[in-house]
file data_21.txt (compact mmCIF, C-alpha atoms and all ligand atoms)
# COMPACT_ATOMS: atom_id res chain seq x y z
CA MET A 1 11.64 3.40 -14.74
CA THR A 2 10.02 0.32 -16.21
CA THR A 3 8.08 -0.27 -19.37
CA SER A 4 5.60 -3.06 -19.57
CA THR A 5 5.50 -4.90 -22.84
CA ARG A 6 3.07 -7.71 -23.50
CA GLY A 7 4.44 -10.80 -25.10
CA ALA A 8 8.02 -9.72 -24.56
CA ALA A 9 8.85 -12.80 -22.52
CA LYS A 10 11.60 -13.69 -24.90
CA ALA A 11 13.65 -10.48 -24.53
CA PRO A 12 17.09 -11.16 -23.08
CA ALA A 13 17.63 -10.19 -19.47
CA VAL A 14 20.53 -10.00 -17.05
CA LEU A 15 20.65 -10.00 -13.25
CA VAL A 16 23.62 -8.21 -11.67
CA LEU A 17 24.48 -8.55 -7.98
CA GLU A 18 26.31 -5.81 -6.16
CA ASP A 19 29.36 -8.05 -5.67
CA GLY A 20 29.70 -8.33 -9.44
CA ARG A 21 28.24 -11.81 -10.03
CA SER A 22 25.72 -11.91 -12.85
CA PHE A 23 23.20 -14.34 -14.32
CA ARG A 24 21.71 -14.25 -17.79
CA GLY A 25 18.15 -15.20 -18.63
CA ARG A 26 14.98 -14.03 -20.32
CA ALA A 27 12.58 -11.25 -19.40
CA TYR A 28 9.65 -12.34 -17.24
CA GLY A 29 6.81 -9.90 -16.63
CA ALA A 30 7.64 -6.29 -17.49
CA VAL A 31 10.69 -5.39 -19.58
CA GLY A 32 12.96 -2.66 -18.27
CA GLU A 33 15.14 -2.29 -15.20
CA THR A 34 14.62 -2.61 -11.48
CA PHE A 35 16.61 -2.65 -8.25
CA GLY A 36 16.21 -3.98 -4.73
CA GLU A 37 17.62 -6.26 -2.09
CA ALA A 38 18.08 -9.81 -3.42
CA VAL A 39 16.41 -12.30 -1.06
CA PHE A 40 15.31 -15.88 -1.58
CA SER A 41 12.06 -17.61 -0.64
CA THR A 42 11.88 -21.37 -0.22
CA GLY A 43 8.09 -21.61 -0.49
CA MET A 44 6.97 -24.24 -2.99
CA THR A 45 3.50 -22.70 -3.14
CA GLY A 46 1.89 -19.34 -2.39
CA TYR A 47 3.71 -17.11 -4.87
CA GLN A 48 0.69 -14.86 -5.24
CA GLU A 49 0.62 -14.18 -1.48
CA THR A 50 4.38 -13.59 -1.50
CA LEU A 51 4.25 -11.12 -4.37
CA THR A 52 1.47 -9.09 -2.74
CA ASP A 53 2.91 -9.09 0.81
CA PRO A 54 3.83 -5.43 1.49
CA SER A 55 6.80 -6.58 3.60
CA TYR A 56 8.56 -7.38 0.30
CA HIS A 57 8.57 -3.72 -0.78
CA ARG A 58 11.99 -2.92 -2.34
CA GLN A 59 13.06 -6.56 -2.42
CA VAL A 60 13.84 -8.70 -5.45
CA VAL A 61 12.56 -12.16 -4.61
CA VAL A 62 14.39 -15.24 -5.87
CA MET A 63 12.26 -18.40 -5.87
CA THR A 64 14.11 -21.61 -5.01
CA ALA A 65 11.18 -23.71 -6.28
CA PRO A 66 12.08 -24.39 -9.91
CA HIS A 67 8.57 -24.13 -11.37
CA VAL A 68 6.66 -20.92 -10.71
CA GLY A 69 3.33 -19.76 -12.07
CA ASN A 70 1.78 -23.22 -12.42
CA THR A 71 -1.55 -22.19 -10.89
CA GLY A 72 -1.69 -18.79 -12.58
CA VAL A 73 -3.11 -15.73 -10.79
CA ASN A 74 -6.56 -15.68 -9.23
CA ASP A 75 -8.80 -12.92 -7.87
CA GLU A 76 -8.88 -14.26 -4.29
CA ASP A 77 -5.39 -14.82 -2.90
CA ALA A 78 -3.76 -11.37 -3.04
CA GLU A 79 -2.66 -10.08 0.38
CA SER A 80 -2.96 -6.42 -0.66
CA GLN A 81 -4.06 -4.29 -3.60
CA ARG A 82 -0.88 -4.76 -5.62
CA ILE A 83 2.37 -6.62 -6.13
CA TRP A 84 5.05 -5.15 -3.87
CA VAL A 85 8.24 -7.00 -4.79
CA SER A 86 10.50 -4.77 -6.84
CA GLY A 87 11.66 -7.69 -8.99
CA TYR A 88 11.10 -11.41 -9.43
CA VAL A 89 13.56 -14.17 -10.28
CA VAL A 90 12.44 -17.62 -11.40
CA ARG A 91 13.96 -20.61 -13.05
CA ASP A 92 11.28 -22.19 -15.21
CA PRO A 93 7.97 -20.32 -15.50
CA ALA A 94 4.81 -22.26 -16.30
CA ARG A 95 4.07 -22.18 -19.99
CA LEU A 96 0.41 -23.01 -19.39
CA PRO A 97 -1.09 -22.39 -15.94
CA SER A 98 -3.76 -24.78 -14.77
CA ASN A 99 -6.13 -24.14 -11.91
CA TRP A 100 -9.89 -23.69 -11.69
CA ARG A 101 -9.43 -20.30 -10.03
CA SER A 102 -6.78 -19.00 -12.44
CA ARG A 103 -7.77 -15.83 -14.32
CA ARG A 104 -4.49 -14.89 -16.00
CA THR A 105 -0.86 -15.97 -16.20
CA LEU A 106 1.71 -14.77 -13.70
CA ASP A 107 3.76 -13.37 -16.57
CA GLU A 108 0.79 -11.24 -17.65
CA GLU A 109 0.11 -10.08 -14.10
CA LEU A 110 3.72 -9.03 -13.51
CA ALA A 111 3.74 -7.19 -16.85
CA ALA A 112 0.39 -5.49 -16.16
CA GLN A 113 1.71 -4.22 -12.82
CA GLY A 114 5.05 -3.13 -14.31
CA VAL A 115 7.11 -5.62 -12.26
CA VAL A 116 10.38 -6.52 -13.96
CA GLY A 117 11.37 -10.17 -13.62
CA ILE A 118 13.82 -12.63 -15.08
CA SER A 119 13.42 -16.32 -15.91
CA GLY A 120 15.86 -19.03 -16.90
CA VAL A 121 18.13 -18.27 -13.93
CA ASP A 122 19.76 -21.09 -11.96
CA THR A 123 17.98 -19.91 -8.83
CA ARG A 124 19.61 -22.59 -6.67
CA ALA A 125 23.10 -21.36 -7.61
CA LEU A 126 21.94 -17.80 -6.95
CA THR A 127 20.49 -18.84 -3.58
CA ARG A 128 23.71 -20.60 -2.56
CA HIS A 129 25.58 -17.43 -3.47
CA LEU A 130 23.26 -15.32 -1.29
CA ARG A 131 23.60 -17.81 1.57
CA GLU A 132 27.38 -17.58 1.40
CA ARG A 133 27.73 -13.85 0.81
CA GLY A 134 24.52 -12.58 2.41
CA ALA A 135 21.55 -10.63 1.07
CA MET A 136 22.76 -7.79 -1.16
CA ARG A 137 21.56 -5.28 -3.70
CA VAL A 138 20.70 -6.48 -7.17
CA GLY A 139 19.47 -5.14 -10.48
CA ILE A 140 17.50 -6.84 -13.25
CA PHE A 141 17.83 -5.39 -16.74
CA SER A 142 16.05 -6.49 -19.89
CA GLY A 143 15.46 -5.30 -23.43
CA ASN A 144 16.87 -1.84 -24.06
CA ALA A 145 17.99 -1.52 -20.43
CA ILE A 146 20.86 -3.95 -21.05
CA GLU A 147 24.21 -2.19 -21.29
CA ASP A 148 27.80 -2.99 -20.55
CA GLU A 149 27.92 -4.95 -17.26
CA GLY A 150 30.27 -2.46 -15.65
CA VAL A 151 27.68 0.25 -16.20
CA LEU A 152 24.91 -1.96 -14.81
CA LEU A 153 27.01 -2.83 -11.77
CA ALA A 154 27.59 0.85 -11.05
CA LYS A 155 23.82 1.40 -11.16
CA VAL A 156 23.22 -1.49 -8.74
CA ARG A 157 25.76 -0.04 -6.32
CA GLN A 158 23.90 3.28 -6.34
CA ALA A 159 20.58 1.69 -5.33
CA PRO A 160 19.48 2.24 -1.71
CA GLU A 161 20.35 -0.41 0.90
CA MET A 162 17.78 -2.16 3.09
CA SER A 163 19.67 -1.30 6.29
CA GLY A 164 18.36 2.05 7.48
CA ALA A 165 15.29 1.96 5.20
CA ASP A 166 12.09 3.40 6.73
CA LEU A 167 9.36 2.02 4.48
CA SER A 168 6.15 1.42 6.44
CA ALA A 169 4.53 4.73 5.55
CA GLU A 170 5.10 3.95 1.83
CA VAL A 171 2.98 0.80 1.97
CA ALA A 172 0.47 1.38 4.77
CA THR A 173 -3.09 2.61 4.31
CA LYS A 174 -3.52 6.37 4.34
CA GLU A 175 -7.08 6.13 5.69
CA ALA A 176 -8.39 4.12 8.62
CA TYR A 177 -10.88 1.36 7.76
CA VAL A 178 -12.82 -1.32 9.61
CA VAL A 179 -12.83 -5.07 8.97
CA PRO A 180 -16.09 -6.27 10.58
CA ALA A 181 -16.24 -9.29 12.86
CA ILE A 182 -17.56 -12.46 11.25
CA GLY A 183 -20.65 -13.39 13.28
CA THR A 184 -21.14 -11.78 16.68
CA ARG A 185 -18.70 -9.02 17.58
CA LYS A 186 -16.92 -9.97 20.79
CA PHE A 187 -13.91 -7.63 20.75
CA THR A 188 -12.60 -4.50 19.09
CA VAL A 189 -8.93 -4.30 18.09
CA ALA A 190 -6.95 -1.32 16.82
CA ALA A 191 -4.46 -2.67 14.25
CA ILE A 192 -1.52 -0.47 13.33
CA ASP A 193 -0.88 -0.98 9.62
CA LEU A 194 2.86 -1.02 8.99
CA GLY A 195 2.32 -3.08 5.82
CA ILE A 196 -0.45 -5.43 6.95
CA LYS A 197 -1.39 -8.54 4.98
CA GLY A 198 -5.11 -8.95 4.28
CA MET A 199 -5.29 -12.35 5.97
CA THR A 200 -4.31 -10.92 9.37
CA PRO A 201 -7.48 -8.90 10.08
CA HIS A 202 -9.41 -11.77 8.50
CA ARG A 203 -7.98 -14.24 11.06
CA MET A 204 -9.08 -11.86 13.82
CA ALA A 205 -12.52 -11.30 12.26
CA GLU A 206 -13.00 -15.09 12.22
CA ARG A 207 -12.68 -14.96 16.01
CA GLY A 208 -15.34 -12.30 16.50
CA ILE A 209 -12.95 -9.35 16.48
CA GLU A 210 -13.88 -6.06 14.78
CA VAL A 211 -10.58 -4.73 13.46
CA HIS A 212 -9.96 -0.99 13.11
CA VAL A 213 -6.98 -0.78 10.78
CA LEU A 214 -5.09 2.48 11.34
CA PRO A 215 -2.34 4.20 9.33
CA ALA A 216 1.29 3.74 10.45
CA THR A 217 1.25 7.39 11.53
CA ALA A 218 -1.68 6.93 13.97
CA THR A 219 -1.42 8.69 17.33
CA LEU A 220 -2.15 7.16 20.73
CA ASP A 221 -5.42 9.14 20.86
CA GLU A 222 -6.47 7.69 17.49
CA VAL A 223 -5.62 4.19 18.72
CA TYR A 224 -7.83 4.59 21.79
CA ALA A 225 -10.63 6.41 19.92
CA ALA A 226 -12.00 3.03 18.80
CA GLY A 227 -12.25 1.89 22.42
CA PRO A 228 -10.08 -1.16 21.69
CA ASP A 229 -9.94 -4.30 23.82
CA GLY A 230 -6.56 -4.96 22.27
CA VAL A 231 -3.95 -3.36 20.02
CA PHE A 232 -2.17 -5.14 17.18
CA PHE A 233 1.09 -4.16 15.40
CA SER A 234 1.46 -5.64 11.91
CA ASN A 235 4.22 -6.94 9.68
CA GLY A 236 5.92 -4.48 7.38
CA PRO A 237 8.94 -3.69 5.21
CA GLY A 238 12.19 -1.98 6.11
CA ASP A 239 14.65 -1.80 8.96
CA PRO A 240 13.05 -1.90 12.44
CA SER A 241 15.78 0.36 13.81
CA THR A 242 14.07 3.22 11.92
CA ALA A 243 10.57 2.57 13.34
CA ASP A 244 10.69 5.20 16.06
CA HIS A 245 7.05 6.28 15.81
CA PRO A 246 5.57 2.75 16.14
CA VAL A 247 7.97 2.06 19.03
CA SER A 248 6.80 5.11 20.98
CA LEU A 249 3.16 4.31 20.13
CA MET A 250 3.65 0.78 21.46
CA ARG A 251 5.25 2.07 24.63
CA GLY A 252 2.08 4.10 25.22
CA VAL A 253 -0.01 0.93 24.79
CA LEU A 254 2.26 -1.02 27.18
CA GLU A 255 1.98 1.73 29.78
CA ARG A 256 -1.81 1.41 29.67
CA LYS A 257 -1.57 -2.40 29.96
CA THR A 258 -3.91 -2.94 27.01
CA PRO A 259 -3.61 -6.48 25.55
CA LEU A 260 -1.08 -6.31 22.74
CA PHE A 261 -0.09 -8.65 19.91
CA GLY A 262 2.54 -8.10 17.21
CA ILE A 263 3.53 -10.01 14.09
CA CYS A 264 6.94 -9.84 12.39
CA PHE A 265 7.75 -6.10 12.22
CA GLY A 266 5.44 -5.88 15.25
CA ASN A 267 7.72 -8.33 17.09
CA GLN A 268 10.77 -6.23 16.28
CA ILE A 269 8.93 -3.15 17.53
CA LEU A 270 8.06 -4.92 20.80
CA GLY A 271 11.73 -5.85 21.10
CA ARG A 272 12.73 -2.24 20.72
CA ALA A 273 9.96 -0.98 23.03
CA LEU A 274 11.38 -3.28 25.72
CA GLY A 275 14.89 -1.95 25.19
CA PHE A 276 16.35 -4.80 23.10
CA GLY A 277 18.32 -4.19 19.91
CA THR A 278 17.59 -5.46 16.40
CA TYR A 279 20.11 -6.61 13.81
CA LYS A 280 20.18 -7.69 10.18
CA LEU A 281 20.34 -11.42 9.52
CA LYS A 282 22.86 -12.58 6.95
CA TYR A 283 20.20 -13.75 4.51
CA GLY A 284 16.95 -13.89 6.49
CA HIS A 285 14.14 -16.42 6.73
CA ARG A 286 11.63 -16.55 3.87
CA GLY A 287 9.41 -19.50 3.10
CA ILE A 288 6.71 -21.64 4.60
CA ASN A 289 8.66 -24.48 6.22
CA GLN A 290 10.62 -22.97 9.11
CA PRO A 291 10.65 -24.99 12.37
CA VAL A 292 9.90 -22.89 15.44
CA GLN A 293 9.64 -24.04 19.04
CA ASP A 294 7.08 -22.51 21.37
CA ARG A 295 9.15 -22.52 24.54
CA THR A 296 6.09 -22.03 26.72
CA THR A 297 4.68 -25.44 25.67
CA GLY A 298 7.74 -27.17 24.15
CA LYS A 299 5.78 -27.80 20.96
CA VAL A 300 7.39 -27.42 17.54
CA GLU A 301 5.44 -25.81 14.73
CA VAL A 302 6.21 -25.48 11.04
CA THR A 303 5.73 -21.85 10.12
CA ALA A 304 5.70 -19.19 7.41
CA HIS A 305 8.49 -16.58 7.57
CA ASN A 306 9.51 -13.41 5.83
CA HIS A 307 12.07 -11.49 7.80
CA GLY A 308 15.52 -10.09 7.21
CA PHE A 309 16.02 -8.56 10.66
CA ALA A 310 15.71 -10.07 14.14
CA VAL A 311 15.54 -9.11 17.82
CA ASP A 312 18.63 -9.46 19.95
CA ALA A 313 17.32 -10.76 23.30
CA PRO A 314 18.81 -13.25 25.77
CA LEU A 315 17.47 -16.80 25.31
CA ASP A 316 18.54 -18.27 28.63
CA LYS A 317 16.52 -16.28 31.15
CA PRO A 318 13.83 -13.58 31.38
CA SER A 319 15.04 -9.99 31.14
CA ASP A 320 14.01 -7.17 33.43
CA THR A 321 12.56 -4.37 31.32
CA GLU A 322 10.82 -1.10 31.97
CA PHE A 323 7.53 -2.98 31.50
CA GLY A 324 8.38 -5.89 33.79
CA ARG A 325 9.89 -9.26 32.97
CA ALA A 326 10.10 -10.30 29.31
CA GLU A 327 11.15 -13.62 27.85
CA VAL A 328 11.86 -15.16 24.48
CA SER A 329 8.78 -17.31 23.91
CA HIS A 330 9.67 -18.77 20.50
CA VAL A 331 12.93 -19.70 18.81
CA CYS A 332 13.82 -20.88 15.30
CA LEU A 333 15.25 -24.39 15.48
CA ASN A 334 17.43 -23.89 12.38
CA ASP A 335 19.54 -21.09 13.84
CA GLN A 336 18.24 -20.15 17.33
CA VAL A 337 16.99 -16.77 16.11
CA VAL A 338 14.44 -15.09 18.42
CA GLU A 339 10.98 -15.79 16.95
CA GLY A 340 8.74 -14.52 19.72
CA LEU A 341 8.60 -12.38 22.86
CA GLN A 342 6.23 -12.24 25.76
CA LEU A 343 5.85 -10.10 28.83
CA LEU A 344 5.31 -11.94 32.08
CA ASP A 345 3.74 -9.06 34.00
CA ARG A 346 1.60 -7.45 31.28
CA PRO A 347 -0.71 -8.82 28.57
CA ALA A 348 1.63 -8.43 25.59
CA PHE A 349 3.33 -10.84 23.17
CA SER A 350 4.54 -11.05 19.60
CA VAL A 351 5.99 -13.44 17.04
CA GLN A 352 8.52 -12.89 14.31
CA TYR A 353 6.74 -15.21 11.89
CA HIS A 354 3.32 -15.45 10.27
CA PRO A 355 0.49 -17.23 12.13
CA GLU A 356 -1.97 -15.83 9.56
CA ALA A 357 -0.42 -18.42 7.21
CA ALA A 358 -0.93 -16.79 3.85
CA ALA A 359 0.64 -18.77 2.42
CA GLY A 360 1.80 -21.49 4.76
CA PRO A 361 0.90 -24.12 7.33
CA HIS A 362 -1.72 -23.34 9.96
CA ASP A 363 0.27 -24.66 12.94
CA ALA A 364 0.55 -21.22 14.54
CA ALA A 365 -3.14 -20.23 14.35
CA TYR A 366 -3.35 -20.71 18.13
CA LEU A 367 -1.56 -17.37 18.56
CA PHE A 368 -4.72 -15.52 17.52
CA ASP A 369 -6.55 -17.51 20.20
CA ARG A 370 -3.89 -16.46 22.72
CA PHE A 371 -4.61 -12.84 21.82
CA VAL A 372 -8.34 -13.48 22.38
CA SER A 373 -7.51 -15.08 25.78
CA LEU A 374 -5.53 -12.00 26.78
CA MET A 375 -8.49 -9.79 25.92
CA GLU A 376 -10.88 -12.12 27.79
CA GLY A 377 -8.54 -12.06 30.78
CA GLN A 378 -8.57 -8.30 30.82
CA ARG A 379 -12.37 -8.25 30.98
CA ALA A 380 -12.65 -10.87 33.74
N1 LIG B 1 7.45 -9.42 7.33
C1 LIG B 1 7.92 -8.47 8.11
O1 LIG B 1 7.22 -7.83 8.89
C2 LIG B 1 9.38 -8.13 7.94
C3 LIG B 1 9.93 -7.24 9.02
C4 LIG B 1 11.23 -6.57 8.60
N2 LIG B 1 11.02 -5.70 7.50
C5 LIG B 1 12.27 -7.62 8.29
O2 LIG B 1 12.67 -7.77 7.19
O3 LIG B 1 12.73 -8.31 9.18
call {"tool": "encode", "arguments": {"input": "data_21.txt", "output": "C-alpha cells"}}
result
Amino acid sequence: MTTSTRGAAKAPAVLVLEDGRSFRGRAYGAVGETFGEAVFSTGMTGYQETLTDPSYHRQVVVMTAPHVGNTGVNDEDAESQRIWVSGYVVRDPARLPSNWRSRRTLDEELAAQGVVGISGVDTRALTRHLRERGAMRVGIFSGNAIEDEGVLLAKVRQAPEMSGADLSAEVATKEAYVVPAIGTRKFTVAAIDLGIKGMTPHRMAERGIEVHVLPATATLDEVYAAGPDGVFFSNGPGDPSTADHPVSLMRGVLERKTPLFGICFGNQILGRALGFGTYKLKYGHRGINQPVQDRTTGKVEVTAHNHGFAVDAPLDKPSDTEFGRAEVSHVCLNDQVVEGLQLLDRPAFSVQYHPEAAAGPHDAAYLFDRFVSLMEGQRA
C-alpha cells in the first residue's frame, strides 16, 4: 500500500479526517497512503518509544510538540522490533538531528520502515479539532496517492474503526521467550504478551524476576508450565471489549489466587474479568504528563499514558465481584477516569497507565515493587 522513497521529503501531502476536515503539508517518511485512527500525543520527548509501542498499531499519531526528530533515531530506545504507528503527523521536523546516540534521522527511519507521515501540519489546530470532535479515522496521502479530496474522503470512511478491533494477536510474539533476571533470580513471572513494550520485562528483570513472555493465545496450562510466582498481563492495541481469550485466561489466574499485575490493556482485562464494562474515551490519554492519584496513599504521580478506552467502575465505594471486593485504586485528576484497580481479597491489581516509563517520568515505578510484595506475601 505504501512505497518508500528516499529523499522525497518535499513531495506534497494531504491529511483527510473522516469528518471532511483536511490539512495540507509535505511528505515525511515514506510516500504513499495510509489509514488509521487519528490520536494525539502530548509527549515532548520519547518519540522513538511512542513509534515502537505496539499499542499504537493502526493509529495515526499526531504530535503536539512542534519540533520532532531533534535527537534522531538510536539503536537503544525502541520498545519493540519495529514502528507500529500506521502514520505520523508532525509540525516541524528536525532538519539536522543532534545527539551522541543518534544513528539516523527520523525521516529516514520512517521511510525505511514504510511508515507514511506528513509534516508542516498545524498539529495544535488538528489536536483541538480532535479534542472537540473526538478521535476519528484519518488518511494521509502523498505523491501519486493524492487525488480529488472527495475520493480520498471516501477511502478514509472505508477504513476500519478502532471500536471492535481485536489486534493483540497481530502484534504479540508468536513464540514464547524468556527475559532473564538481572542478578539473582528471586521470582518467575508468566507475562501474557498482548503487545508488550520491551521496558516492561526489563523493569521486572531489574527486580530479580525471570520473565517468561507468552503469546496472546497462551492457555492456562502454558501459563502455569513455567511455575510462575506471578502472572502479568501487558499493554496492547485494540478494543478491550474484544479480548475474550485474555479475559478468560485471567479469570483462571484469579481463581487460583496467583499474584497478578496488569498494565493498560491488562487493566481493562482485569476490569472485564471482574464484571465491569469498558468504553471508548472521546479522545484518550496519550503523553507523559498525566496526573494520577494513588487513592491507597493519597499521593499524586505524573505518569505516562497511551489509552483510548477505559474501565467503567464505581469510584465511591468497593464493588462486590465474583473474586471478592474490588476498588478503584488510581484515578486521573484531569477527568476522573479509572486508572487502576485492586482486589481487596486476592493478590491482584492493575493500572491503566505506564509505570515502565518508556518514555516518561519514573513516579510510578513503585508499582513493580508492589507486584514483588504480592509475590513475597504469597510465599510467606
Ligand atoms: N496501551 C494500551 O495498552 C492501550 C489499551 C487499549 N488498546 C486502549 O487504547 O485503551
call {"tool": "residues_around", "arguments": {"input": "data_21.txt", "residues": "Val116 (chain A)", "least_positions_apart": "4", "cutoff": "9 Å", "atoms": "only C-alpha atoms", "output": "JSON, numbers by chain"}}
result
{"A": [2, 3, 4, 27, 28, 29, 30, 31, 32, 33, 34, 86, 87, 88, 110, 111, 140, 141, 142]}
call {"tool": "residues_near_ligand", "arguments": {"input": "data_21.txt", "ligand": "ligand LIG 1 (chain B)", "cutoff": "7 Å", "atoms": "all atoms listed in the file", "output": "list in words"}}
result
Ser55, Ser234, Asn235, Gly236, Pro237, Gly238, Asp239, Pro240, Ile263, Cys264, Phe265, Gly266, Asn306, His307, Gly308, Phe309 and Ala310 of chain A
call {"tool": "write_last_selection", "arguments": {"input": "data_21.txt", "atoms": "C-alpha atoms", "output": "PDB file, in the coordinates of the input"}}
result
ATOM      1  CA  SER A  55       6.800  -6.580   3.600  1.00  0.00           C
ATOM      2  CA  SER A 234       1.460  -5.640  11.910  1.00  0.00           C
ATOM      3  CA  ASN A 235       4.220  -6.940   9.680  1.00  0.00           C
ATOM      4  CA  GLY A 236       5.920  -4.480   7.380  1.00  0.00           C
ATOM      5  CA  PRO A 237       8.940  -3.690   5.210  1.00  0.00           C
ATOM      6  CA  GLY A 238      12.190  -1.980   6.110  1.00  0.00           C
ATOM      7  CA  ASP A 239      14.650  -1.800   8.960  1.00  0.00           C
ATOM      8  CA  PRO A 240      13.050  -1.900  12.440  1.00  0.00           C
ATOM      9  CA  ILE A 263       3.530 -10.010  14.090  1.00  0.00           C
ATOM     10  CA  CYS A 264       6.940  -9.840  12.390  1.00  0.00           C
ATOM     11  CA  PHE A 265       7.750  -6.100  12.220  1.00  0.00           C
ATOM     12  CA  GLY A 266       5.440  -5.880  15.250  1.00  0.00           C
ATOM     13  CA  ASN A 306       9.510 -13.410   5.830  1.00  0.00           C
ATOM     14  CA  HIS A 307      12.070 -11.490   7.800  1.00  0.00           C
ATOM     15  CA  GLY A 308      15.520 -10.090   7.210  1.00  0.00           C
ATOM     16  CA  PHE A 309      16.020  -8.560  10.660  1.00  0.00           C
ATOM     17  CA  ALA A 310      15.710 -10.070  14.140  1.00  0.00           C
TER      18      ALA A 310
END
call {"tool": "residues_around", "arguments": {"input": "data_21.txt", "residues": "Val311 (chain A)", "least_positions_apart": "4", "cutoff": "10 Å", "atoms": "only C-alpha atoms", "output": "list in words"}}
result
Pro240, Asn267, Gln268, Ile269, Leu270, Gly271, Arg272, Phe276, Gly277, Thr278, Tyr279, Lys280, Leu281, Val328, Val337, Val338, Glu339, Gly340, Leu341 and Gln352 of chain A
call {"tool": "closest_residue", "arguments": {"input": "data_21.txt", "among": "A:Leu343, A:Val292, A:Val300, A:Val331", "to": "Ser319 (chain A)", "atoms": "all atoms listed in the file"}}
result
A:Leu343
call {"tool": "closest_residue", "arguments": {"input": "data_21.txt", "among": "A:Arg251, A:Arg203, A:Lys174, A:Lys186", "to": "Thr217 (chain A)", "atoms": "only C-alpha atoms"}}
result
A:Lys174
call {"tool": "closest_residue", "arguments": {"input": "data_21.txt", "among": "A:Gln48, A:Asn289, A:Ser373, A:Gln81", "to": "Arg207 (chain A)", "atoms": "all atoms listed in the file"}}
result
A:Ser373
call {"tool": "residues_near_point", "arguments": {"input": "data_21.txt", "point": "(12.6, 7.0, 5.7)", "cutoff": "12 Å", "atoms": "all atoms listed in the file", "output": "list in words"}}
result
Pro160, Glu161, Met162, Ser163, Gly164, Ala165, Asp166, Leu167, Ser168, Ala169, Glu170, Pro237, Gly238, Asp239, Pro240, Ser241, Thr242, Ala243, Asp244 and His245 of chain A
call {"tool": "residues_around", "arguments": {"input": "data_21.txt", "residues": "Arg370 (chain A)", "least_positions_apart": "6", "cutoff": "12 Å", "atoms": "all atoms listed in the file", "output": "ChimeraX atom specification"}}
result
/A:204,207,230,259-262,342,347-351,355,364,376-377
call {"tool": "write_last_selection", "arguments": {"input": "data_21.txt", "atoms": "C-alpha atoms", "output": "PDB file, in the frame of the given file"}}
result
ATOM      1  CA  MET A 204      -9.080 -11.860  13.820  1.00  0.00           C
ATOM      2  CA  ARG A 207     -12.680 -14.960  16.010  1.00  0.00           C
ATOM      3  CA  GLY A 230      -6.560  -4.960  22.270  1.00  0.00           C
ATOM      4  CA  PRO A 259      -3.610  -6.480  25.550  1.00  0.00           C
ATOM      5  CA  LEU A 260      -1.080  -6.310  22.740  1.00  0.00           C
ATOM      6  CA  PHE A 261      -0.090  -8.650  19.910  1.00  0.00           C
ATOM      7  CA  GLY A 262       2.540  -8.100  17.210  1.00  0.00           C
ATOM      8  CA  GLN A 342       6.230 -12.240  25.760  1.00  0.00           C
ATOM      9  CA  PRO A 347      -0.710  -8.820  28.570  1.00  0.00           C
ATOM     10  CA  ALA A 348       1.630  -8.430  25.590  1.00  0.00           C
ATOM     11  CA  PHE A 349       3.330 -10.840  23.170  1.00  0.00           C
ATOM     12  CA  SER A 350       4.540 -11.050  19.600  1.00  0.00           C
ATOM     13  CA  VAL A 351       5.990 -13.440  17.040  1.00  0.00           C
ATOM     14  CA  PRO A 355       0.490 -17.230  12.130  1.00  0.00           C
ATOM     15  CA  ALA A 364       0.550 -21.220  14.540  1.00  0.00           C
ATOM     16  CA  GLU A 376     -10.880 -12.120  27.790  1.00  0.00           C
ATOM     17  CA  GLY A 377      -8.540 -12.060  30.780  1.00  0.00           C
TER      18      GLY A 377
END
call {"tool": "atom_distance", "arguments": {"input": "data_21.txt", "atom1": "CA of His129 (chain A)", "atom2": "CA of Asn70 (chain A)"}}
result
26.1 Å
call {"tool": "closest_residue", "arguments": {"input": "data_21.txt", "among": "A:Val73, A:Leu153, A:Leu374, A:Val16", "to": "Pro97 (chain A)", "atoms": "all atoms listed in the file"}}
result
A:Val73
call {"tool": "closest_residue", "arguments": {"input": "data_21.txt", "among": "A:Pro201, A:Gly360, A:Gly120, A:Pro93", "to": "Arg286 (chain A)", "atoms": "all atoms listed in the file"}}
result
A:Gly360
call {"tool": "atom_distance", "arguments": {"input": "data_21.txt", "atom1": "CA of Gly287 (chain A)", "atom2": "CA of Phe232 (chain A)"}}
result
23.2 Å
call {"tool": "atom_distance", "arguments": {"input": "data_21.txt", "atom1": "CA of Val39 (chain A)", "atom2": "CA of Glu147 (chain A)"}}
result
23.9 Å
call {"tool": "closest_residue", "arguments": {"input": "data_21.txt", "among": "A:Gly150, A:Pro54, A:Gly324, A:Pro314", "to": "Leu274 (chain A)", "atoms": "all atoms listed in the file"}}
result
A:Gly324
call {"tool": "residues_near_point", "arguments": {"input": "data_21.txt", "point": "(21.0, -23.6, -14.8)", "cutoff": "12 Å", "atoms": "all atoms listed in the file", "output": "short mmCIF file (atom, residue, chain, number, x, y, z; two decimals) with C-alpha atoms, in the frame of the given file"}}
result
data_model
loop_
_atom_site.label_atom_id
_atom_site.label_comp_id
_atom_site.auth_asym_id
_atom_site.auth_seq_id
_atom_site.Cartn_x
_atom_site.Cartn_y
_atom_site.Cartn_z
CA PHE A 23 23.20 -14.34 -14.32
CA ARG A 24 21.71 -14.25 -17.79
CA GLY A 25 18.15 -15.20 -18.63
CA PRO A 66 12.08 -24.39 -9.91
CA VAL A 90 12.44 -17.62 -11.40
CA ARG A 91 13.96 -20.61 -13.05
CA ASP A 92 11.28 -22.19 -15.21
CA SER A 119 13.42 -16.32 -15.91
CA GLY A 120 15.86 -19.03 -16.90
CA VAL A 121 18.13 -18.27 -13.93
CA ASP A 122 19.76 -21.09 -11.96
CA THR A 123 17.98 -19.91 -8.83
CA ARG A 124 19.61 -22.59 -6.67
CA ALA A 125 23.10 -21.36 -7.61
CA LEU A 126 21.94 -17.80 -6.95
#
call {"tool": "residues_around", "arguments": {"input": "data_21.txt", "residues": "Gln293 (chain A)", "least_positions_apart": "4", "cutoff": "7 Å", "atoms": "all atoms listed in the file", "output": "PDB file with C-alpha atoms, in the frame of the given file"}}
result
ATOM      1  CA  GLY A 298       7.740 -27.170  24.150  1.00  0.00           C
ATOM      2  CA  LYS A 299       5.780 -27.800  20.960  1.00  0.00           C
ATOM      3  CA  VAL A 300       7.390 -27.420  17.540  1.00  0.00           C
ATOM      4  CA  GLU A 301       5.440 -25.810  14.730  1.00  0.00           C
ATOM      5  CA  HIS A 330       9.670 -18.770  20.500  1.00  0.00           C
ATOM      6  CA  VAL A 331      12.930 -19.700  18.810  1.00  0.00           C
ATOM      7  CA  CYS A 332      13.820 -20.880  15.300  1.00  0.00           C
ATOM      8  CA  LEU A 333      15.250 -24.390  15.480  1.00  0.00           C
TER       9      LEU A 333
END
